[in-house]
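K.L.:
Input coords30.cif, format and content: mmCIF, C-alpha atoms.
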```cif
data_work
loop_
_atom_site.group_PDB
_atom_site.id
_atom_site.type_symbol
_atom_site.label_atom_id
_atom_site.label_comp_id
_atom_site.auth_asym_id
_atom_site.auth_seq_id
_atom_site.Cartn_x
_atom_site.Cartn_y
_atom_site.Cartn_z
ATOM 1 C CA MET A 1 -86.318 -52.089 -17.137
ATOM 2 C CA ILE A 2 -86.706 -55.362 -19.024
ATOM 3 C CA THR A 3 -90.161 -55.526 -20.602
ATOM 4 C CA SER A 4 -89.888 -58.294 -23.196
ATOM 5 C CA LEU A 5 -89.769 -62.067 -22.905
ATOM 6 C CA ALA A 6 -87.689 -62.013 -26.065
ATOM 7 C CA ASN A 7 -84.861 -60.509 -24.046
ATOM 8 C CA GLY A 8 -81.923 -62.894 -24.245
ATOM 9 C CA ARG A 9 -81.344 -62.969 -20.524
ATOM 10 C CA MET A 10 -84.988 -63.779 -19.819
ATOM 11 C CA LYS A 11 -84.771 -66.736 -22.195
ATOM 12 C CA ALA A 12 -81.618 -67.885 -20.436
ATOM 13 C CA LEU A 13 -83.311 -67.661 -17.042
ATOM 14 C CA ARG A 14 -86.173 -69.878 -18.180
ATOM 15 C CA LEU A 15 -83.655 -72.424 -19.429
ATOM 16 C CA LEU A 16 -81.891 -72.394 -16.071
ATOM 17 C CA GLN A 17 -85.230 -72.881 -14.315
ATOM 18 C CA GLU A 18 -86.137 -75.904 -16.393
ATOM 19 C CA LYS A 19 -82.886 -77.724 -17.248
ATOM 20 C CA SER A 20 -80.392 -79.149 -14.781
ATOM 21 C CA ARG A 21 -77.925 -79.586 -17.632
ATOM 22 C CA ALA A 22 -77.969 -75.821 -18.278
ATOM 23 C CA ARG A 23 -77.480 -75.084 -14.570
ATOM 24 C CA ASN A 24 -74.571 -77.484 -14.273
ATOM 25 C CA LYS A 25 -72.938 -76.227 -17.455
ATOM 26 C CA GLU A 26 -72.854 -72.676 -16.077
ATOM 27 C CA GLY A 27 -72.263 -73.767 -12.484
ATOM 28 C CA VAL A 28 -75.216 -71.716 -11.229
ATOM 29 C CA PHE A 29 -78.773 -72.060 -9.942
ATOM 30 C CA LEU A 30 -81.834 -69.847 -9.508
ATOM 31 C CA ALA A 31 -83.637 -68.997 -6.302
ATOM 32 C CA GLU A 32 -86.656 -66.830 -5.497
ATOM 33 C CA GLY A 33 -88.257 -65.068 -2.580
ATOM 34 C CA ILE A 34 -87.474 -62.234 -0.210
ATOM 35 C CA LYS A 35 -86.280 -64.377 2.721
ATOM 36 C CA MET A 36 -84.148 -66.550 0.468
ATOM 37 C CA PHE A 37 -82.571 -63.421 -1.016
ATOM 38 C CA GLU A 38 -81.938 -61.703 2.307
ATOM 39 C CA GLU A 39 -80.138 -64.815 3.603
ATOM 40 C CA ALA A 40 -78.171 -65.442 0.405
ATOM 41 C CA PRO A 41 -74.400 -64.991 0.881
ATOM 42 C CA LEU A 42 -73.242 -62.008 -1.175
ATOM 43 C CA GLU A 43 -70.147 -63.819 -2.396
ATOM 44 C CA ALA A 44 -72.320 -66.393 -4.157
ATOM 45 C CA LEU A 45 -74.726 -63.946 -5.839
ATOM 46 C CA LYS A 46 -74.237 -63.322 -9.551
ATOM 47 C CA GLU A 47 -77.386 -61.549 -10.823
ATOM 48 C CA VAL A 48 -80.588 -60.176 -9.269
ATOM 49 C CA TYR A 49 -83.959 -59.491 -10.935
ATOM 50 C CA CYS A 50 -86.653 -57.463 -9.195
ATOM 51 C CA ALA A 51 -90.273 -57.085 -10.340
ATOM 52 C CA GLU A 52 -91.517 -53.553 -10.977
ATOM 53 C CA LYS A 53 -94.142 -53.653 -8.215
ATOM 54 C CA LEU A 54 -91.659 -54.793 -5.562
ATOM 55 C CA TRP A 55 -89.087 -52.287 -6.811
ATOM 56 C CA ASN A 56 -91.570 -49.469 -6.150
ATOM 57 C CA GLN A 57 -92.470 -50.857 -2.731
ATOM 58 C CA ILE A 58 -88.801 -50.980 -1.742
ATOM 59 C CA ASN A 59 -88.475 -47.290 -2.549
ATOM 60 C CA GLU A 60 -91.718 -46.290 -0.814
ATOM 61 C CA GLU A 61 -92.282 -48.565 2.204
ATOM 62 C CA ARG A 62 -90.159 -48.934 5.344
ATOM 63 C CA ALA A 63 -91.150 -52.593 5.609
ATOM 64 C CA TYR A 64 -88.769 -53.311 2.740
ATOM 65 C CA GLU A 65 -85.814 -51.409 4.195
ATOM 66 C CA ALA A 66 -83.699 -54.521 4.796
ATOM 67 C CA LEU A 67 -84.367 -55.756 1.276
ATOM 68 C CA GLY A 68 -83.385 -52.391 -0.145
ATOM 69 C CA LYS A 69 -80.101 -52.457 1.772
ATOM 70 C CA LYS A 70 -79.309 -55.920 0.457
ATOM 71 C CA LEU A 71 -79.922 -54.768 -3.118
ATOM 72 C CA GLN A 72 -77.707 -51.747 -2.501
ATOM 73 C CA ASN A 73 -74.954 -54.018 -1.176
ATOM 74 C CA CYS A 74 -75.196 -56.064 -4.362
ATOM 75 C CA GLN A 75 -74.824 -52.990 -6.548
ATOM 76 C CA GLU A 76 -71.852 -51.774 -4.521
ATOM 77 C CA ARG A 77 -70.180 -55.130 -5.126
ATOM 78 C CA GLY A 78 -70.819 -54.908 -8.858
ATOM 79 C CA ILE A 79 -73.548 -57.564 -8.880
ATOM 80 C CA PRO A 80 -76.049 -56.664 -11.639
ATOM 81 C CA VAL A 81 -79.498 -55.716 -10.300
ATOM 82 C CA GLU A 82 -82.183 -55.484 -13.005
ATOM 83 C CA GLN A 83 -85.748 -54.219 -12.824
ATOM 84 C CA VAL A 84 -88.270 -56.419 -14.692
ATOM 85 C CA SER A 85 -91.876 -55.656 -15.623
ATOM 86 C CA ASP A 86 -94.431 -57.550 -13.536
ATOM 87 C CA GLU A 87 -95.722 -59.441 -16.574
ATOM 88 C CA VAL A 88 -92.276 -60.630 -17.598
ATOM 89 C CA PHE A 89 -91.458 -61.557 -14.000
ATOM 90 C CA ARG A 90 -94.519 -63.817 -13.803
ATOM 91 C CA HIS A 91 -93.210 -65.729 -16.809
ATOM 92 C CA ILE A 92 -89.682 -66.222 -15.478
ATOM 93 C CA SER A 93 -90.873 -67.122 -11.977
ATOM 94 C CA ASP A 94 -91.340 -70.759 -10.961
ATOM 95 C CA THR A 95 -94.001 -69.980 -8.344
ATOM 96 C CA GLN A 96 -97.736 -69.363 -8.610
ATOM 97 C CA THR A 97 -97.566 -66.262 -6.402
ATOM 98 C CA PRO A 98 -94.158 -64.660 -7.053
ATOM 99 C CA GLN A 99 -92.731 -62.448 -4.315
ATOM 100 C CA GLY A 100 -91.013 -60.304 -6.908
ATOM 101 C CA ILE A 101 -87.346 -61.178 -6.556
ATOM 102 C CA LEU A 102 -85.345 -63.819 -8.403
ATOM 103 C CA PHE A 103 -81.591 -64.254 -8.410
ATOM 104 C CA VAL A 104 -78.781 -66.300 -9.888
ATOM 105 C CA MET A 105 -76.188 -67.852 -7.582
ATOM 106 C CA ARG A 106 -73.078 -69.897 -8.127
ATOM 107 C CA GLN A 107 -73.366 -73.529 -7.105
ATOM 108 C CA PHE A 108 -71.775 -74.629 -3.838
ATOM 109 C CA THR A 109 -68.977 -77.185 -3.907
ATOM 110 C CA TYR A 110 -68.108 -79.600 -1.116
ATOM 111 C CA SER A 111 -66.135 -82.829 -1.233
ATOM 112 C CA LEU A 112 -67.031 -85.978 0.659
ATOM 113 C CA GLU A 113 -63.582 -86.114 2.208
ATOM 114 C CA GLU A 114 -63.761 -82.487 3.353
ATOM 115 C CA MET A 115 -67.158 -82.988 4.998
ATOM 116 C CA VAL A 116 -66.061 -86.063 6.933
ATOM 117 C CA GLU A 117 -62.728 -84.533 7.926
ATOM 118 C CA LYS A 118 -64.413 -81.446 9.392
ATOM 119 C CA ALA A 119 -66.893 -83.576 11.333
ATOM 120 C CA VAL A 120 -64.072 -85.676 12.798
ATOM 121 C CA GLU A 121 -62.170 -82.502 13.754
ATOM 122 C CA LYS A 122 -65.228 -81.131 15.570
ATOM 123 C CA LYS A 123 -65.494 -84.387 17.488
ATOM 124 C CA LYS A 124 -61.811 -84.270 18.404
ATOM 125 C CA HIS A 125 -61.738 -80.645 19.550
ATOM 126 C CA HIS A 126 -65.301 -79.997 20.723
ATOM 127 C CA GLY A 127 -66.714 -83.421 21.532
ATOM 128 C CA LYS A 128 -69.590 -83.143 19.054
ATOM 129 C CA GLN A 129 -70.582 -86.544 17.700
ATOM 130 C CA PRO A 130 -70.666 -86.542 13.857
ATOM 131 C CA LEU A 131 -74.095 -86.717 12.235
ATOM 132 C CA PHE A 132 -74.752 -87.404 8.540
ATOM 133 C CA LEU A 133 -77.660 -88.233 6.276
ATOM 134 C CA LEU A 134 -77.154 -90.698 3.402
ATOM 135 C CA LEU A 135 -79.818 -90.513 0.695
ATOM 136 C CA GLU A 136 -80.362 -93.124 -2.004
ATOM 137 C CA ASP A 137 -82.367 -92.137 -5.092
ATOM 138 C CA ILE A 138 -84.745 -89.705 -3.378
ATOM 139 C CA GLN A 139 -87.079 -88.449 -6.128
ATOM 140 C CA ASP A 140 -89.486 -85.974 -4.569
ATOM 141 C CA PRO A 141 -88.067 -82.413 -4.572
ATOM 142 C CA GLY A 142 -90.104 -81.476 -1.501
ATOM 143 C CA ASN A 143 -88.751 -84.449 0.424
ATOM 144 C CA LEU A 144 -85.152 -83.622 -0.421
ATOM 145 C CA GLY A 145 -85.532 -79.961 0.487
ATOM 146 C CA THR A 146 -87.257 -80.819 3.754
ATOM 147 C CA MET A 147 -84.517 -83.295 4.654
ATOM 148 C CA LEU A 148 -81.814 -80.661 4.133
ATOM 149 C CA ARG A 149 -83.749 -78.210 6.289
ATOM 150 C CA THR A 150 -84.267 -80.822 9.012
ATOM 151 C CA ALA A 151 -80.626 -81.880 8.849
ATOM 152 C CA GLU A 152 -79.509 -78.325 9.527
ATOM 153 C CA GLY A 153 -81.951 -78.067 12.420
ATOM 154 C CA ALA A 154 -80.630 -81.287 13.949
ATOM 155 C CA GLY A 155 -77.033 -80.090 13.657
ATOM 156 C CA ALA A 156 -75.974 -82.514 10.931
ATOM 157 C CA ASP A 157 -72.500 -82.225 9.436
ATOM 158 C CA GLY A 158 -73.636 -82.957 5.910
ATOM 159 C CA VAL A 159 -75.894 -84.772 3.469
ATOM 160 C CA ILE A 160 -74.471 -87.373 1.083
ATOM 161 C CA MET A 161 -76.589 -88.280 -1.961
ATOM 162 C CA SER A 162 -76.502 -90.938 -4.646
ATOM 163 C CA ARG A 163 -76.379 -89.800 -8.279
ATOM 164 C CA GLY A 164 -79.921 -91.088 -8.664
ATOM 165 C CA THR A 165 -81.231 -88.501 -6.217
ATOM 166 C CA VAL A 166 -83.192 -85.566 -7.630
ATOM 167 C CA ASP A 167 -81.157 -82.481 -8.569
ATOM 168 C CA LEU A 168 -80.632 -80.445 -5.427
ATOM 169 C CA TYR A 169 -80.714 -77.257 -7.507
ATOM 170 C CA ASN A 170 -84.228 -77.999 -8.752
ATOM 171 C CA PRO A 171 -86.241 -74.838 -7.904
ATOM 172 C CA LYS A 172 -88.736 -76.863 -5.830
ATOM 173 C CA VAL A 173 -85.919 -78.353 -3.754
ATOM 174 C CA ILE A 174 -84.404 -74.927 -3.174
ATOM 175 C CA ARG A 175 -87.707 -73.484 -1.950
ATOM 176 C CA SER A 176 -88.193 -76.420 0.422
ATOM 177 C CA THR A 177 -84.764 -75.920 2.020
ATOM 178 C CA MET A 178 -85.843 -72.460 3.248
ATOM 179 C CA GLY A 179 -82.221 -71.292 3.113
ATOM 180 C CA SER A 180 -80.541 -74.379 4.608
ATOM 181 C CA LEU A 181 -78.962 -74.907 1.185
ATOM 182 C CA TYR A 182 -76.680 -71.946 1.966
ATOM 183 C CA ARG A 183 -75.357 -73.397 5.197
ATOM 184 C CA LEU A 184 -75.400 -77.202 5.177
ATOM 185 C CA PRO A 185 -72.625 -79.071 3.327
ATOM 186 C CA PHE A 186 -73.748 -81.686 0.795
ATOM 187 C CA CYS A 187 -72.363 -83.767 -2.042
ATOM 188 C CA TYR A 188 -73.289 -86.382 -4.626
ATOM 189 C CA VAL A 189 -71.315 -89.620 -4.883
ATOM 190 C CA GLU A 190 -71.171 -92.184 -7.685
ATOM 191 C CA THR A 191 -72.174 -94.906 -5.253
ATOM 192 C CA LEU A 192 -73.230 -94.588 -1.623
ATOM 193 C CA GLU A 193 -70.706 -97.282 -0.799
ATOM 194 C CA ASP A 194 -67.961 -94.658 -1.191
ATOM 195 C CA GLY A 195 -69.564 -92.494 1.479
ATOM 196 C CA ILE A 196 -70.477 -95.376 3.769
ATOM 197 C CA ARG A 197 -66.961 -96.827 3.788
ATOM 198 C CA LEU A 198 -65.344 -93.455 4.498
ATOM 199 C CA LEU A 199 -67.694 -92.788 7.399
ATOM 200 C CA GLN A 200 -67.077 -96.232 8.868
ATOM 201 C CA GLN A 201 -63.322 -95.814 8.531
ATOM 202 C CA ASN A 202 -63.638 -92.726 10.704
ATOM 203 C CA GLY A 203 -65.582 -94.475 13.437
ATOM 204 C CA ILE A 204 -69.015 -93.208 12.400
ATOM 205 C CA SER A 205 -71.717 -95.884 12.607
ATOM 206 C CA VAL A 206 -74.081 -96.236 9.648
ATOM 207 C CA TYR A 207 -77.695 -97.167 10.436
ATOM 208 C CA ALA A 208 -80.467 -98.323 8.127
ATOM 209 C CA ALA A 209 -84.125 -98.175 9.085
ATOM 210 C CA HIS A 210 -85.199 -101.689 8.141
ATOM 211 C CA LEU A 211 -87.988 -104.181 8.767
ATOM 212 C CA LYS A 212 -85.313 -106.616 9.985
ATOM 213 C CA GLY A 213 -84.163 -104.195 12.673
ATOM 214 C CA GLU A 214 -83.888 -105.782 16.107
ATOM 215 C CA ARG A 215 -83.851 -102.561 18.143
ATOM 216 C CA PHE A 216 -86.036 -99.472 18.025
ATOM 217 C CA TYR A 217 -84.362 -96.242 17.026
ATOM 218 C CA ASP A 218 -84.726 -94.791 20.548
ATOM 219 C CA GLU A 219 -82.918 -97.747 22.173
ATOM 220 C CA ILE A 220 -79.528 -96.944 20.620
ATOM 221 C CA SER A 221 -76.909 -94.700 22.249
ATOM 222 C CA TYR A 222 -75.416 -93.254 19.002
ATOM 223 C CA GLU A 223 -72.030 -92.962 20.717
ATOM 224 C CA GLY A 224 -69.183 -92.154 18.335
ATOM 225 C CA GLY A 225 -71.230 -90.526 15.588
ATOM 226 C CA SER A 226 -74.094 -91.575 13.335
ATOM 227 C CA ALA A 227 -75.129 -91.658 9.703
ATOM 228 C CA PHE A 228 -78.617 -92.653 8.594
ATOM 229 C CA LEU A 229 -79.464 -94.345 5.303
ATOM 230 C CA ILE A 230 -82.751 -93.218 3.747
ATOM 231 C CA GLY A 231 -83.968 -94.955 0.600
ATOM 232 C CA ASN A 232 -86.173 -94.139 -2.360
ATOM 233 C CA GLU A 233 -89.747 -93.174 -1.467
ATOM 234 C CA GLY A 234 -91.308 -96.104 -3.304
ATOM 235 C CA LYS A 235 -88.651 -98.817 -3.319
ATOM 236 C CA GLY A 236 -86.734 -98.118 -0.137
ATOM 237 C CA LEU A 237 -83.049 -98.971 0.144
ATOM 238 C CA LYS A 238 -81.426 -101.308 -2.341
ATOM 239 C CA LYS A 239 -80.552 -104.650 -0.764
ATOM 240 C CA GLU A 240 -76.844 -104.218 -1.452
ATOM 241 C CA THR A 241 -76.876 -100.742 0.104
ATOM 242 C CA ALA A 242 -78.723 -101.825 3.238
ATOM 243 C CA GLU A 243 -76.223 -104.662 3.726
ATOM 244 C CA LEU A 244 -73.419 -102.101 4.071
ATOM 245 C CA ALA A 245 -74.971 -100.656 7.242
ATOM 246 C CA ASP A 246 -73.416 -101.418 10.618
ATOM 247 C CA SER A 247 -76.822 -101.935 12.155
ATOM 248 C CA TYR A 248 -80.498 -102.106 11.288
ATOM 249 C CA LEU A 249 -82.966 -100.207 13.435
ATOM 250 C CA LYS A 250 -86.723 -99.903 13.324
ATOM 251 C CA ILE A 251 -89.335 -97.249 13.893
ATOM 252 C CA PRO A 252 -92.437 -98.488 15.739
ATOM 253 C CA MET A 253 -95.554 -98.635 13.555
ATOM 254 C CA GLU A 254 -99.204 -98.860 14.448
ATOM 255 C CA GLY A 255 -102.030 -99.657 12.061
ATOM 256 C CA ASN A 256 -101.211 -101.189 8.691
ATOM 257 C CA LEU A 257 -98.206 -99.014 7.836
ATOM 258 C CA GLU A 258 -94.839 -100.525 6.950
ATOM 259 C CA SER A 259 -92.931 -97.257 6.761
ATOM 260 C CA LEU A 260 -93.119 -93.486 7.146
ATOM 261 C CA ASN A 261 -92.572 -90.759 4.588
ATOM 262 C CA ALA A 262 -88.832 -90.573 3.883
ATOM 263 C CA ALA A 263 -88.470 -87.015 5.191
ATOM 264 C CA VAL A 264 -90.401 -87.823 8.378
ATOM 265 C CA ALA A 265 -88.275 -90.912 9.034
ATOM 266 C CA ALA A 266 -85.090 -88.897 8.483
ATOM 267 C CA ALA A 267 -86.285 -86.255 10.948
ATOM 268 C CA LEU A 268 -87.032 -88.802 13.682
ATOM 269 C CA LEU A 269 -83.655 -90.486 13.341
ATOM 270 C CA MET A 270 -81.544 -87.328 13.128
ATOM 271 C CA TYR A 271 -83.215 -85.688 16.110
ATOM 272 C CA GLN A 272 -82.847 -88.849 18.180
ATOM 273 C CA ALA A 273 -79.097 -88.827 17.519
ATOM 274 C CA ALA A 274 -78.955 -85.066 18.134
ATOM 275 C CA GLY A 275 -80.696 -85.668 21.459
ATOM 276 C CA TYR A 276 -77.857 -87.978 22.472
ATOM 277 C CA ASN A 277 -75.429 -85.097 21.925
ATOM 278 C CA ARG A 278 -77.507 -82.715 24.012
ATOM 279 C CA ARG A 279 -78.004 -85.197 26.850
ATOM 280 C CA ASN A 280 -74.284 -85.800 27.010
ATOM 281 C CA GLY A 281 -73.271 -82.166 26.631
ATOM 282 C CA LYS A 282 -71.771 -82.667 23.169
#
```
Turn the structure described in the file into structure tokens.
P.N.:
Amino acid sequence: MITSLANGRMKALRLLQEKSRARNKEGVFLAEGIKMFEEAPLEALKEVYCAEKLWNQINEERAYEALGKKLQNCQERGIPVEQVSDEVFRHISDTQTPQGILFVMRQFTYSLEEMVEKAVEKKKHHGKQPLFLLLEDIQDPGNLGTMLRTAEGAGADGVIMSRGTVDLYNPKVIRSTMGSLYRLPFCYVETLEDGIRLLQQNGISVYAAHLKGERFYDEISYEGGSAFLIGNEGKGLKKETAELADSYLKIPMEGNLESLNAAVAAALLMYQAAGYNRRNGK
């Protein structure tokens, strides 16, 4: 059992928690929590750390049977599983009330071209209209994580992000995804124009929620596939980015509001497009 914060691996874990550069250099990220661990794909797991209290509960209580089996599967695959004292675990954890399990995973890799190609193939063979989210310089980790989670729920084919968007492997983003990170393709692009042009070339319409929109978001058919541009929480979309959209749409507002929270707006738009698929049996 690891009982000292001076342990080299514990120092390395703290660095991975705090520095995106360290995570990217090693090609890994950290995640915490029982549900996140139970859903984590075994092939992506590299190391697992379990707090002493939870370790004892796993061995003594039937409620933790599934967790115990997952840890056993890790050990059988040669994935290191280390017991850590509760005090040390509190220091390496990024949460105020740690659940007692923290793990290192390899980063996921998707290409823009691969994501679009798969979406087009699904449309060709199964009739499902492509659905993407395009994010420009989103800064709030909770917003980004929520948008990934919502995108999975709406059946999106992927999330495309500008380089100015917060690091997706930020621990707060990971927690907010509630596991969607494992299942939903995503990528960063140097400029959103690269993603927008590729989507348009494949017949996928790009929409921007904009004050100049002439139609409400629920008045559009979304035939052929959709991608929604969501801008920075404070500044919105850059003018040059918004001008690349095929169409502007608007969300009705009462009171003195000009716009909704970015994650809320993304949810409304994606589920409206998803509803088109359901209504048309696609």
K.L.:
Using all atoms listed in the file, which of A:Leu211, A:Leu237, A:Ala119, A:Leu135 sits nearest Leu257 of chain A?
P.N.:
A:Leu211
K.L.:
Translate the PyMOL selection byres ((chain A and resi 87-95) around 7), as applied to the file shown, into an explicit residue set as a list in words.
P.N.:
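With the PyMOL selection byres ((chain A and resi 87-95) around 7) on this model, the match is Thr3, Ser4, Leu5, Met10, Leu13, Arg14, Ala51, Val84, Ser85, Asp86, Gln96, Thr97 and Pro98 of chain A.
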K.L.:
Can you turn the PyMOL selection byres ((chain A and resi 25-32) around 9) into a concrete residue list for this file, as an MDAnalysis selection string?
P.N.:
chainID A and resid 13 16:17 20:24 33:37 46 93:95 98:108 169:171 174:175
K.L.:
Would you mind reading off the distance between atom CA of Leu260 of chain A and atom CA of Glu214 of chain A, one decimal, in Å?
P.N.:
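It comes out at 17.8 Å.
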K.L.:
Given the file above and the PyMOL selection byres ((chain A and resi 273) around 9), which residues are selected, and can you give them as number ranges by chain?
P.N.:
A: 129, 131, 154, 218, 220-223, 225-226, 268-272, 274-277
K.L.:
Residues within 9 Å of segment 69-74 of chain A, please, as a list in words. Count only C-alpha atoms; anything in the same chain fewer than 2 positions from it doesn't count.
P.N.:
Phe37, Glu38, Leu42, Leu45, Lys46, Glu47, Val48, Tyr64, Glu65, Ala66, Leu67, Glu76, Arg77, Gly78, Ile79, Pro80 and Val81 of chain A
K.L.:
Using only C-alpha atoms, which of A:Glu190, A:Asp157, A:Glu82, A:Asp137 sits nearest Met115 of chain A?
P.N.:
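Checking each candidate against Met115 of chain A, we get A:Asp157 as the closest.
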K.L.:
Find the residues around Ser180 of chain A up to 9 Å (only C-alpha atoms counted), leave out those fewer than 4 positions away in its own chain, and share them as number ranges by chain.
P.N.:
A: 145, 148-153, 174, 176, 184
K.L.:
Just checking: using only C-alpha atoms, which residue out of A:Gly203, A:Gly179, A:Gly234, A:Gly224 ends up closest to Ile138 of chain A?
P.N.:
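Counting only C-alpha atoms, the residue closest to Ile138 of chain A is A:Gly234.
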K.L.:
Just to confirm, what's the straight-line distance from atom CA of Asn256 of chain A to atom CA of Ala209 of chain A in Å (one decimal)?
P.N.:
17.4 Å
K.L.:
Enter the distance from atom CA of Tyr49 of chain A to atom CA of Met147 of chain A, in Å, rounded to one decimal.
P.N.:
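Atom CA of Met147 of chain A lies 28.5 Å from atom CA of Tyr49 of chain A.
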K.L.:
Which residue is closest to Glu193 of chain A? Choose from A:Leu249, A:Met161, A:Ala40, A:Ala265 and count only C-alpha atoms.
P.N.:
A:Met161
K.L.:
How big is the axis-aligned box around all listed atoms of segment 192-202 of chain A once 5 Å goes on each side, and where's its centre, in Å to one decimal, as lines of an AutoDock Vina configuration file?
P.N.:
```
center_x = -68.3
center_y = -94.9
center_z = 4.5
size_x = 19.9
size_y = 14.8
size_z = 22.3
```
K.L.:
My list of candidates is A:Asn202, A:Tyr188, A:Leu134, A:Gly155. Which is closest to Ala266 of chain A when distances are computed with only C-alpha atoms?
P.N.:
A:Leu134
K.L.:
Show me, as an mmCIF file with C-alpha atoms, in the coordinates of the input, the residues that have an atom within 9 Å of Tyr110 of chain A when counting all atoms listed in the file, minus same-chain residues fewer than 5 positions from it.
P.N.:
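Printed below is around_16.cif as written:
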```cif
data_model
loop_
_atom_site.group_PDB
_atom_site.id
_atom_site.type_symbol
_atom_site.label_atom_id
_atom_site.label_comp_id
_atom_site.auth_asym_id
_atom_site.auth_seq_id
_atom_site.Cartn_x
_atom_site.Cartn_y
_atom_site.Cartn_z
ATOM 1 C CA MET A 115 -67.158 -82.988 4.998
ATOM 2 C CA PRO A 185 -72.625 -79.071 3.327
ATOM 3 C CA PHE A 186 -73.748 -81.686 0.795
ATOM 4 C CA CYS A 187 -72.363 -83.767 -2.042
#
```
K.L.:
Taking only C-alpha atoms, show segment 104-150 of chain A of the given structure as a compact mmCIF listing (two decimals), in the first residue's frame.
P.N.:
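Writing done, so here's part_21.txt:
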```
# COMPACT_ATOMS: atom_id res chain seq x y z
CA VAL A 104 -5.10 6.44 -15.62
CA MET A 105 -6.34 5.89 -19.17
CA ARG A 106 -4.83 6.36 -22.58
CA GLN A 107 -6.25 9.25 -24.56
CA PHE A 108 -8.72 8.51 -27.35
CA THR A 109 -7.81 9.41 -30.92
CA TYR A 110 -10.27 10.24 -33.69
CA SER A 111 -9.71 12.09 -36.94
CA LEU A 112 -12.12 14.60 -38.43
CA GLU A 113 -12.18 12.70 -41.70
CA GLU A 114 -12.93 9.39 -39.97
CA MET A 115 -15.82 10.88 -37.99
CA VAL A 116 -17.47 12.41 -41.05
CA GLU A 117 -16.91 9.32 -43.18
CA LYS A 118 -18.59 7.06 -40.62
CA ALA A 119 -21.56 9.41 -40.32
CA VAL A 120 -22.00 9.47 -44.11
CA GLU A 121 -21.80 5.66 -44.22
CA LYS A 122 -24.52 5.36 -41.57
CA LYS A 123 -26.71 7.67 -43.63
CA LYS A 124 -26.08 5.63 -46.77
CA HIS A 125 -26.73 2.21 -45.24
CA HIS A 126 -29.14 2.94 -42.38
CA GLY A 127 -30.79 6.23 -43.30
CA LYS A 128 -29.63 8.02 -40.14
CA GLN A 129 -29.14 11.73 -40.77
CA PRO A 130 -25.66 12.89 -39.60
CA LEU A 131 -25.55 15.06 -36.49
CA PHE A 132 -22.51 17.02 -35.27
CA LEU A 133 -21.67 19.69 -32.74
CA LEU A 134 -19.10 22.38 -33.63
CA LEU A 135 -17.66 24.22 -30.63
CA GLU A 136 -15.68 27.45 -30.81
CA ASP A 137 -13.55 28.43 -27.80
CA ILE A 138 -15.80 26.96 -25.10
CA GLN A 139 -14.09 27.76 -21.79
CA ASP A 140 -16.20 26.32 -19.00
CA PRO A 141 -15.28 22.67 -18.25
CA GLY A 142 -18.79 21.92 -17.00
CA ASN A 143 -20.32 23.25 -20.21
CA LEU A 144 -18.04 21.16 -22.40
CA GLY A 145 -18.64 17.99 -20.42
CA THR A 146 -22.40 18.54 -20.43
CA MET A 147 -22.39 19.12 -24.19
CA LEU A 148 -20.58 15.83 -24.80
CA ARG A 149 -23.06 14.01 -22.58
CA THR A 150 -26.02 15.66 -24.32
```
